[in-house]
Amino acid sequence: MMLAAVKTRQKGEIVVKSVEQPQLSADEVLIRVDYCGVCGSDLHAYNHAPGYEFVQGPRILGHELSGVVVEGGGGAGSLLHKRVTVESIQYCGECPTCRSGRTHICERLQVIGLHFDGGMARYVKCRSRFVREVPATLSNLAASLAEPMSIAVHAVEAIGKVRAGERILVQGAGIIGFFTGIVCRSLGAEVIVAGLPKDRETRLVHAATFGMVPHVEGESDGIRDKADVVFECSGSPQGVQASLETLKKGGRAVFVALYEASVELFLTRAVRNEWQLLTSYGCRPADYTRAFGILQQYEPQLRQMVSIYPLAQAGQAFADALQQKVLKPVLDARN
């Protein structure tokens with residue numbers, strides 16, 4: 001038996017209880033989890049948000065995890081006792097989309113912790129081909145941030161194609177917004193991160209740590225110069241409109257967030273400005289390698305953004321995340 005945080009069939013309910021330890025198939029490894037982050041997708045599933053109807057309870061959530069491989073046979077034996085994280089998007093490798101290299105939008109993709117049980121538990125099983133060894137110089141706490149950092153890497157480098165010297169607006173001061181800004185800064189871009197007035201003394205205070213300029217929506221001075229690229233990470237229809245107000249002619253708008261409501265967009269305006277309207281979903285295997293490097297570079301600063309909860313307090317972590325009391329809740333499965 002092991003302790004796990006289980007989403008029930010009831011909207012907004014997660015229960016920490018003892019469950020059976022996973023049993024392995026031939027191509028799987030067993031990971032003893034150290035840390036597992038609470039992601040926006042976990043919150044959507046927890047609240048039965050539109051687009052997450054496929055997440056049936058009971059389900060152990062969690063796809064941002066790190067730990068140590070403690071069991072695995074066959075070809076998986078080379079991972080035994082290694083510190084690891086996992087690729088959240090688990091792809092078939094055979095469909096036309098996978099064969100084109102776009103495994104993150106596999107036609108038969110499944111996400112650990114959403115389609116099947118994930119890492120908010122003391123142990124989790126995973127197919128060995130989706131397990132990534134953690135660099136020796138990176139802590140397991142930082143490694144639990146590899147998945148969201150990989151999403152930011154994909155949005156900035158593969159989709160947004162940000163270049164040094166460009167002016168970037170990141171709309172939304174959540175963790176994906178911050179990570180997107182950090183990746184842009186690592187490329188030499190100028191970054192403004194925009195949040196709501198309630199974010200002024202909480203989330204936006206971290207901006208200067210990474211060389212980003214904070215901006216509070218609705219302030220009279222506004223954003224004086226138009227952005228070359230905007231990254232919409234707020235998930236808010238109002239955030240979409242606010243970000244496009246700052247985009248210069250010929251600029252690029254990258255939509256990274258997932259939305260619970262429809263968004264109105266007057267396309268004539270986009271056409272006349274020749275805006276590139278781009279979407280970014282998930283990440284590719286190669287994005288994890290780049291994410292490890294960025295996490296190593298900024299680990300001391302990133303630790304200041306993380307709030308750690310014992311696994312037994314998963315319900316409190318979800319509540320605090322929904323109320324935006326914390327920027328990044330991470331569950332400690334060791335306690």
# chains A, B, ... in the order shown; residues from 1 in each chain; ligands from 1
$ residues_around --residues "Ile112 of chain A" --least-positions-apart "6" --cutoff "10 Å" --atoms "only C-alpha atoms" --output "PDB file with N, CA and C atoms, in the first residue's frame"
ATOM      1  N   ILE A  60      -5.461   9.390  -9.712  1.00  0.00           N
ATOM      2  CA  ILE A  60      -4.298  10.018  -9.076  1.00  0.00           C
ATOM      3  C   ILE A  60      -3.738  11.009 -10.089  1.00  0.00           C
ATOM      4  N   LEU A  61      -3.860  12.292  -9.789  1.00  0.00           N
ATOM      5  CA  LEU A  61      -3.380  13.329 -10.694  1.00  0.00           C
ATOM      6  C   LEU A  61      -1.854  13.454 -10.600  1.00  0.00           C
ATOM      7  N   GLY A  62      -1.287  14.334 -11.418  1.00  0.00           N
ATOM      8  CA  GLY A  62       0.124  14.675 -11.299  1.00  0.00           C
ATOM      9  C   GLY A  62       0.982  14.226 -12.457  1.00  0.00           C
ATOM     10  N   HIS A  63       1.557  15.204 -13.171  1.00  0.00           N
ATOM     11  CA  HIS A  63       2.471  14.890 -14.280  1.00  0.00           C
ATOM     12  C   HIS A  63       3.785  15.659 -14.189  1.00  0.00           C
ATOM     13  N   GLU A  64       3.954  16.478 -13.150  1.00  0.00           N
ATOM     14  CA  GLU A  64       5.201  17.227 -12.962  1.00  0.00           C
ATOM     15  C   GLU A  64       5.963  16.589 -11.792  1.00  0.00           C
ATOM     16  N   VAL A  86       9.662  12.504 -15.778  1.00  0.00           N
ATOM     17  CA  VAL A  86       8.996  11.813 -16.886  1.00  0.00           C
ATOM     18  C   VAL A  86       8.434  12.830 -17.871  1.00  0.00           C
ATOM     19  N   GLU A  87       8.347  12.402 -19.123  1.00  0.00           N
ATOM     20  CA  GLU A  87       7.668  13.201 -20.143  1.00  0.00           C
ATOM     21  C   GLU A  87       6.165  13.058 -19.913  1.00  0.00           C
ATOM     22  N   SER A  88       5.496  14.181 -19.769  1.00  0.00           N
ATOM     23  CA  SER A  88       4.061  14.129 -19.454  1.00  0.00           C
ATOM     24  C   SER A  88       3.242  13.600 -20.621  1.00  0.00           C
ATOM     25  N   ILE A  89       3.582  14.022 -21.849  1.00  0.00           N
ATOM     26  CA  ILE A  89       2.840  13.610 -23.034  1.00  0.00           C
ATOM     27  C   ILE A  89       3.421  12.302 -23.548  1.00  0.00           C
ATOM     28  N   GLN A  90       2.629  11.259 -23.498  1.00  0.00           N
ATOM     29  CA  GLN A  90       3.097   9.933 -23.874  1.00  0.00           C
ATOM     30  C   GLN A  90       2.443   9.563 -25.205  1.00  0.00           C
ATOM     31  N   GLY A 118      -1.119   9.219 -12.046  1.00  0.00           N
ATOM     32  CA  GLY A 118       0.127   9.966 -12.113  1.00  0.00           C
ATOM     33  C   GLY A 118       0.893  10.021 -10.810  1.00  0.00           C
ATOM     34  N   GLY A 119       1.594  11.143 -10.613  1.00  0.00           N
ATOM     35  CA  GLY A 119       2.658  11.226  -9.619  1.00  0.00           C
ATOM     36  C   GLY A 119       2.312  11.801  -8.265  1.00  0.00           C
ATOM     37  N   VAL A 124       4.843   5.763  -8.561  1.00  0.00           N
ATOM     38  CA  VAL A 124       4.136   5.851  -9.830  1.00  0.00           C
ATOM     39  C   VAL A 124       4.857   4.960 -10.826  1.00  0.00           C
ATOM     40  N   LYS A 125       4.107   4.349 -11.723  1.00  0.00           N
ATOM     41  CA  LYS A 125       4.746   3.571 -12.782  1.00  0.00           C
ATOM     42  C   LYS A 125       4.696   4.351 -14.079  1.00  0.00           C
ATOM     43  N   CYS A 126       5.672   4.070 -14.940  1.00  0.00           N
ATOM     44  CA  CYS A 126       5.760   4.783 -16.217  1.00  0.00           C
ATOM     45  C   CYS A 126       6.495   3.909 -17.225  1.00  0.00           C
TER      46      CYS A 126
END
$ residues_around --residues "Leu267 of chain A" --least-positions-apart "4" --cutoff "12 Å" --atoms "only C-alpha atoms" --output "number ranges by chain"
A: 244, 263, 271-277
$ residues_around --residues "Lys82 of chain A" --least-positions-apart "5" --cutoff "8 Å" --atoms "only C-alpha atoms" --output "ChimeraX atom specification"
/A:68-69,133-134
$ write_last_selection --atoms "C-alpha atoms" --output "PDB file, in the first residue's frame"
ATOM      1  CA  VAL A  68      14.159   7.661  -8.133  1.00  0.00           C
ATOM      2  CA  VAL A  69      13.620   4.476 -10.135  1.00  0.00           C
ATOM      3  CA  GLU A 133      17.445  10.955 -16.169  1.00  0.00           C
ATOM      4  CA  VAL A 134      18.022  14.145 -14.168  1.00  0.00           C
TER       5      VAL A 134
END
$ select_by_dssp --residues "segment 27-99 of chain A" --states "strand (DSSP E)" --output "list in words"
Glu28, Val29, Leu30, Ile31, Arg32, Val33, Asp34, Tyr35, Cys36, Gly37, Arg59, Ile60, Glu64, Leu65, Ser66, Gly67, Val68, Val69, Val70, Glu71, Gly72, Arg83, Val84, Thr85, Val86, Ile89 and Gln90 of chain A
$ write_last_selection --atoms "N, CA and C atoms" --output "CSV table (one decimal), in the first residue's frame"
chain,number,residue,atom,x,y,z
A,28,GLU,N,7.8,-1.2,-18.2
A,28,GLU,CA,7.6,-0.1,-17.2
A,28,GLU,C,8.6,-0.1,-16.1
A,29,VAL,N,8.8,1.1,-15.5
A,29,VAL,CA,9.6,1.2,-14.3
A,29,VAL,C,8.7,1.8,-13.1
A,30,LEU,N,9.2,1.5,-11.9
A,30,LEU,CA,8.5,2.0,-10.7
A,30,LEU,C,9.4,3.2,-10.2
A,31,ILE,N,8.7,4.3,-10.0
A,31,ILE,CA,9.5,5.5,-9.5
A,31,ILE,C,9.0,5.8,-8.1
A,32,ARG,N,9.9,5.9,-7.2
A,32,ARG,CA,9.6,6.4,-5.8
A,32,ARG,C,9.6,8.0,-5.9
A,33,VAL,N,8.4,8.6,-5.8
A,33,VAL,CA,8.3,10.0,-6.1
A,33,VAL,C,8.8,10.8,-4.9
A,34,ASP,N,9.6,11.8,-5.2
A,34,ASP,CA,10.0,12.8,-4.2
A,34,ASP,C,9.1,14.0,-4.2
A,35,TYR,N,8.9,14.6,-5.4
A,35,TYR,CA,8.1,15.8,-5.5
A,35,TYR,C,7.2,15.7,-6.8
A,36,CYS,N,6.0,16.4,-6.6
A,36,CYS,CA,5.1,16.5,-7.8
A,36,CYS,C,4.4,17.8,-7.7
A,37,GLY,N,4.5,18.6,-8.8
A,37,GLY,CA,3.9,19.9,-8.9
A,37,GLY,C,2.4,19.8,-9.1
A,59,ARG,N,-8.9,9.2,-9.9
A,59,ARG,CA,-7.7,9.3,-10.6
A,59,ARG,C,-6.6,10.0,-9.7
A,60,ILE,N,-5.5,9.4,-9.7
A,60,ILE,CA,-4.3,10.0,-9.1
A,60,ILE,C,-3.7,11.0,-10.1
A,64,GLU,N,4.0,16.5,-13.1
A,64,GLU,CA,5.2,17.2,-13.0
A,64,GLU,C,6.0,16.6,-11.8
A,65,LEU,N,6.6,15.5,-12.1
A,65,LEU,CA,7.2,14.7,-10.9
A,65,LEU,C,8.7,14.5,-11.1
A,66,SER,N,9.3,14.2,-10.0
A,66,SER,CA,10.7,13.7,-9.9
A,66,SER,C,10.8,12.7,-8.8
A,67,GLY,N,11.8,11.8,-9.0
A,67,GLY,CA,12.0,10.8,-8.0
A,67,GLY,C,13.1,9.9,-8.4
A,68,VAL,N,13.1,8.6,-7.9
A,68,VAL,CA,14.2,7.7,-8.1
A,68,VAL,C,13.5,6.4,-8.6
A,69,VAL,N,14.1,5.8,-9.6
A,69,VAL,CA,13.6,4.5,-10.1
A,69,VAL,C,14.1,3.4,-9.1
A,70,VAL,N,13.1,2.6,-8.7
A,70,VAL,CA,13.4,1.6,-7.7
A,70,VAL,C,13.1,0.2,-8.2
A,71,GLU,N,12.5,0.1,-9.3
A,71,GLU,CA,12.2,-1.2,-9.9
A,71,GLU,C,12.0,-1.1,-11.4
A,72,GLY,N,12.5,-2.1,-12.1
A,72,GLY,CA,12.3,-2.1,-13.6
A,72,GLY,C,13.2,-3.2,-14.1
A,83,ARG,N,18.0,9.1,-10.6
A,83,ARG,CA,17.1,10.2,-10.4
A,83,ARG,C,16.5,10.6,-11.7
A,84,VAL,N,15.1,10.7,-11.7
A,84,VAL,CA,14.5,10.9,-13.0
A,84,VAL,C,13.3,11.8,-12.9
A,85,THR,N,12.8,12.2,-14.1
A,85,THR,CA,11.5,12.8,-14.2
A,85,THR,C,10.9,12.1,-15.4
A,86,VAL,N,9.7,12.5,-15.8
A,86,VAL,CA,9.0,11.8,-16.9
A,86,VAL,C,8.4,12.8,-17.9
A,89,ILE,N,3.6,14.0,-21.8
A,89,ILE,CA,2.8,13.6,-23.0
A,89,ILE,C,3.4,12.3,-23.5
A,90,GLN,N,2.6,11.3,-23.5
A,90,GLN,CA,3.1,9.9,-23.9
A,90,GLN,C,2.4,9.6,-25.2
$ atom_distance --atom1 "atom CA of Val256 of chain A" --atom2 "atom CA of Cys233 of chain A"
5.3 Å
$ closest_atom_pairs --of "segment 130-159 of chain A" --to "segment 163-180 of chain A" --cutoff "12 Å" --atoms "only C-alpha atoms" --output "tab-separated table"
residue	atom	partner	partner_atom	distance
A:Leu145	CA	A:Phe179	CA	9.7
A:Ala146	CA	A:Phe179	CA	10.4
A:Glu147	CA	A:Ile176	CA	10.3
A:Pro148	CA	A:Ile176	CA	6.5
A:Met149	CA	A:Phe179	CA	5.9
A:Ser150	CA	A:Phe179	CA	9.0
A:Ile151	CA	A:Ile176	CA	7.7
A:Ala152	CA	A:Thr180	CA	4.6
A:Val153	CA	A:Thr180	CA	7.0
A:His154	CA	A:Thr180	CA	9.2
A:Ala155	CA	A:Thr180	CA	7.4
A:Val156	CA	A:Thr180	CA	6.6
A:Glu157	CA	A:Arg163	CA	8.8
A:Ala158	CA	A:Arg163	CA	11.6
A:Ile159	CA	A:Thr180	CA	11.8
$ write_last_selection --atoms "C-alpha atoms" --output "short mmCIF file (atom, residue, chain, number, x, y, z; two decimals), in the first residue's frame"
data_model
loop_
_atom_site.label_atom_id
_atom_site.label_comp_id
_atom_site.auth_asym_id
_atom_site.auth_seq_id
_atom_site.Cartn_x
_atom_site.Cartn_y
_atom_site.Cartn_z
CA LEU A 145 9.71 21.85 -12.64
CA ALA A 146 11.16 20.37 -15.84
CA GLU A 147 7.77 19.69 -17.43
CA PRO A 148 6.35 23.23 -17.11
CA MET A 149 9.71 24.69 -18.11
CA SER A 150 9.67 22.44 -21.20
CA ILE A 151 6.25 23.85 -22.13
CA ALA A 152 7.73 27.35 -21.95
CA VAL A 153 10.76 26.29 -24.01
CA HIS A 154 8.48 24.90 -26.72
CA ALA A 155 6.30 28.02 -26.79
CA VAL A 156 9.25 30.43 -26.96
CA GLU A 157 11.74 28.62 -29.15
CA ALA A 158 9.72 26.32 -31.43
CA ILE A 159 6.60 28.43 -31.87
#
$ residues_around --residues "segment 292-298 of chain A" --least-positions-apart "4" --cutoff "7 Å" --atoms "only C-alpha atoms" --output "list of chain:residue names"
A:Leu138, A:Ala142, A:Ala146, A:Tyr288, A:Leu302
